[in-house]
There are 2 protein chains.
Amino acid sequence: MGKHNHHEHQGESLADAARANLEKSGEKWTDTRAAIFDALAGFSRPASAYDIAELVSAARGKRVAPNSVYRILDLFVANNLAMRVESANAYLANSHPGCAHDCIFLVCDTCGEATHIDDDPLSQQVRTVAKSQGFSSIRPVIEVRGICQKCS
Amino acid sequence: MGKHNHHEHQGESLADAARANLEKSGEKWTDTRAAIFDALAGFSRPASAYDIAELVSAARGKRVAPNSVYRILDLFVANNLAMRVESANAYLANSHPGCAHDCIFLVCDTCGEATHIDDDPLSQQVRTVAKSQGFSSIRPVIEVRGICQKCS
DNA sequence: GCGTGTTAAGATACAACATATCATTTTCCA
DNA sequence: TGGAAAATGATATGTTGTATCTTAACACGC
């Protein structure tokens with residue numbers, strides 16, 4: 001108990017899962033949203049809105065303005081298709097959009113790669129501490145900056 | 001056991017403690033650094049470098065450039081006189097500069113106030129998770145966004 | 001006291017991240 | 001098919017953070 005399977009997706013399958021999740025919330029899977037999701041999912045490390053704007057603009061031969069990217073990233077985050085890494089001002093695609101967790105990110109200060117961990121008991125403790133201080137609408141931000149194994 | 005006293009400082013006493021700690025590291029307590037520490041300590045919520053630059057400039061009748069503020073804030077953070085709240089892009093004075101903890105910040109999305117918690121067992125767990133993934137030079141970032149009691 | 005090397009701070013410019021506002025296009029349904 | 005609503009675009013601007021070079025303050029040996 002306590003464990004469960006994540007359906008890790010990648011490539012087309014991931015985009016399909018993302019699409020399904022977004023549409024389940026009554027939102028549309030438009031061309032622009034698909035292009036932005038593809039760009040985001042194509043990065044191996046957290047990508048800034050401007051990184052994505054640049055890539056999508058080049059790929060489509062048509063400029064996408066940063067504000068559009070932000071709008072769509074906000075939508076993705078709200079619907080759990082993407083996560084924001086606060087300490088990096090950047091975003092990651094969620095590789096298992098179906099299940100909701102508080103995320104823990106391990107971010108390498110050298111190479112910029114981010115590892116995504118779930119540890120529900122741990123994040124639950126953080127929630128509990130916040131609740132005990134009278135906080136509501138709690139959104140934990142648990143990240144670790146450091147040097148990853150590859151870079152050390 | 002497990003508990004220990006924090007010497008909470010405020011006002012002049014806090015500045016004195018900060019000065020002592022900085023000088024213990026072989027750094028100087030200059031007028032500019034004192035002014036920036038005072039400004040930082042005077043805010044009741046996390047202050048941005050630009051907030052501080054503005055306040056110090058006004059208080060001294062002489063412009064302090066943001067890059068100087070950043071330099072000095074970096075120095076303060078490195079010497080544990082201040083902490084950076086990553087999810088707010090802002091800084092807080094450390095009210096017990098003598099003792100080093102991983103900090104947990106509870107940040108209210110409504111009023112912007114931040115509560116500073118220490119929970120060493122919890123932050124130790126975060127460190128352990130990161131270490132188990134091969135991370136070194138670990139700096140945990142544990143923050144909670146939400147609505148504080150007063151604002152709810 | 002006087003040069004000289006070192007550290008601190010200032011000036012300036014710019015890069016990177018984020019949002020506000022209004023206009024245009026697309027969708028979709030009555 | 002026409003009109004409301006949603007999505008995207010254009011543009012401007014606000015906010016946060018760094019890079020580079022210059023000037024000022026300080027400290028120490030002579």
# chains A, B, ... in the order shown; residues from 1 in each chain; ligands from 1
$ select_by_dssp --residues "region 1-149 of chain A" --states "alpha helix (DSSP H)" --output "PyMOL selection string"
chain A and resi 11-24+31-42+49-60+66-78+120-132
$ interface_residues --of "chain A" --to "chain D" --cutoff "9 Å" --atoms "only C-alpha atoms (C1' of nucleotides)" --output "list in words"
Thr30, Thr32, Val64, Ala65 and Ser68 of chain A
$ interface_residues --of "chain C" --to "chain A" --cutoff "9 Å" --atoms "only C-alpha atoms (C1' of nucleotides)" --output "list in words"
DA16, DC17, DA18 and DT19 of chain C
$ atom_distance --atom1 "CA of Leu81 (chain A)" --atom2 "CA of Phe105 (chain A)"
15.8 Å
$ interface_residues --of "chain B" --to "chain A" --cutoff "8 Å" --atoms "only C-alpha atoms" --output "VMD selection string"
chain B and resid 86 to 87 106 122 125 to 127 130 133 to 149 152
$ select_by_dssp --residues "chain A" --states "strand (DSSP E)" --output "PyMOL selection string"
chain A and resi 82-85+90-93+103-108+114-118+136-147
$ closest_residue --among "B:Val77, B:Leu92, B:Asp118, B:Gln124" --to "Asp51 (chain B)" --atoms "only C-alpha atoms"
B:Leu92
$ atom_distance --atom1 "CA of Lys62 (chain B)" --atom2 "CA of Arg84 (chain B)"
25.6 Å
$ atom_distance --atom1 "CA of Asp38 (chain B)" --atom2 "CA of Pro97 (chain B)"
14.1 Å
$ residues_around --residues "Glu27 (chain B)" --least-positions-apart "5" --cutoff "12 Å" --atoms "only C-alpha atoms (C1' of nucleotides)" --output "ChimeraX atom specification"
/B:18-22,33,72,75-76,78-79 /C:7-8
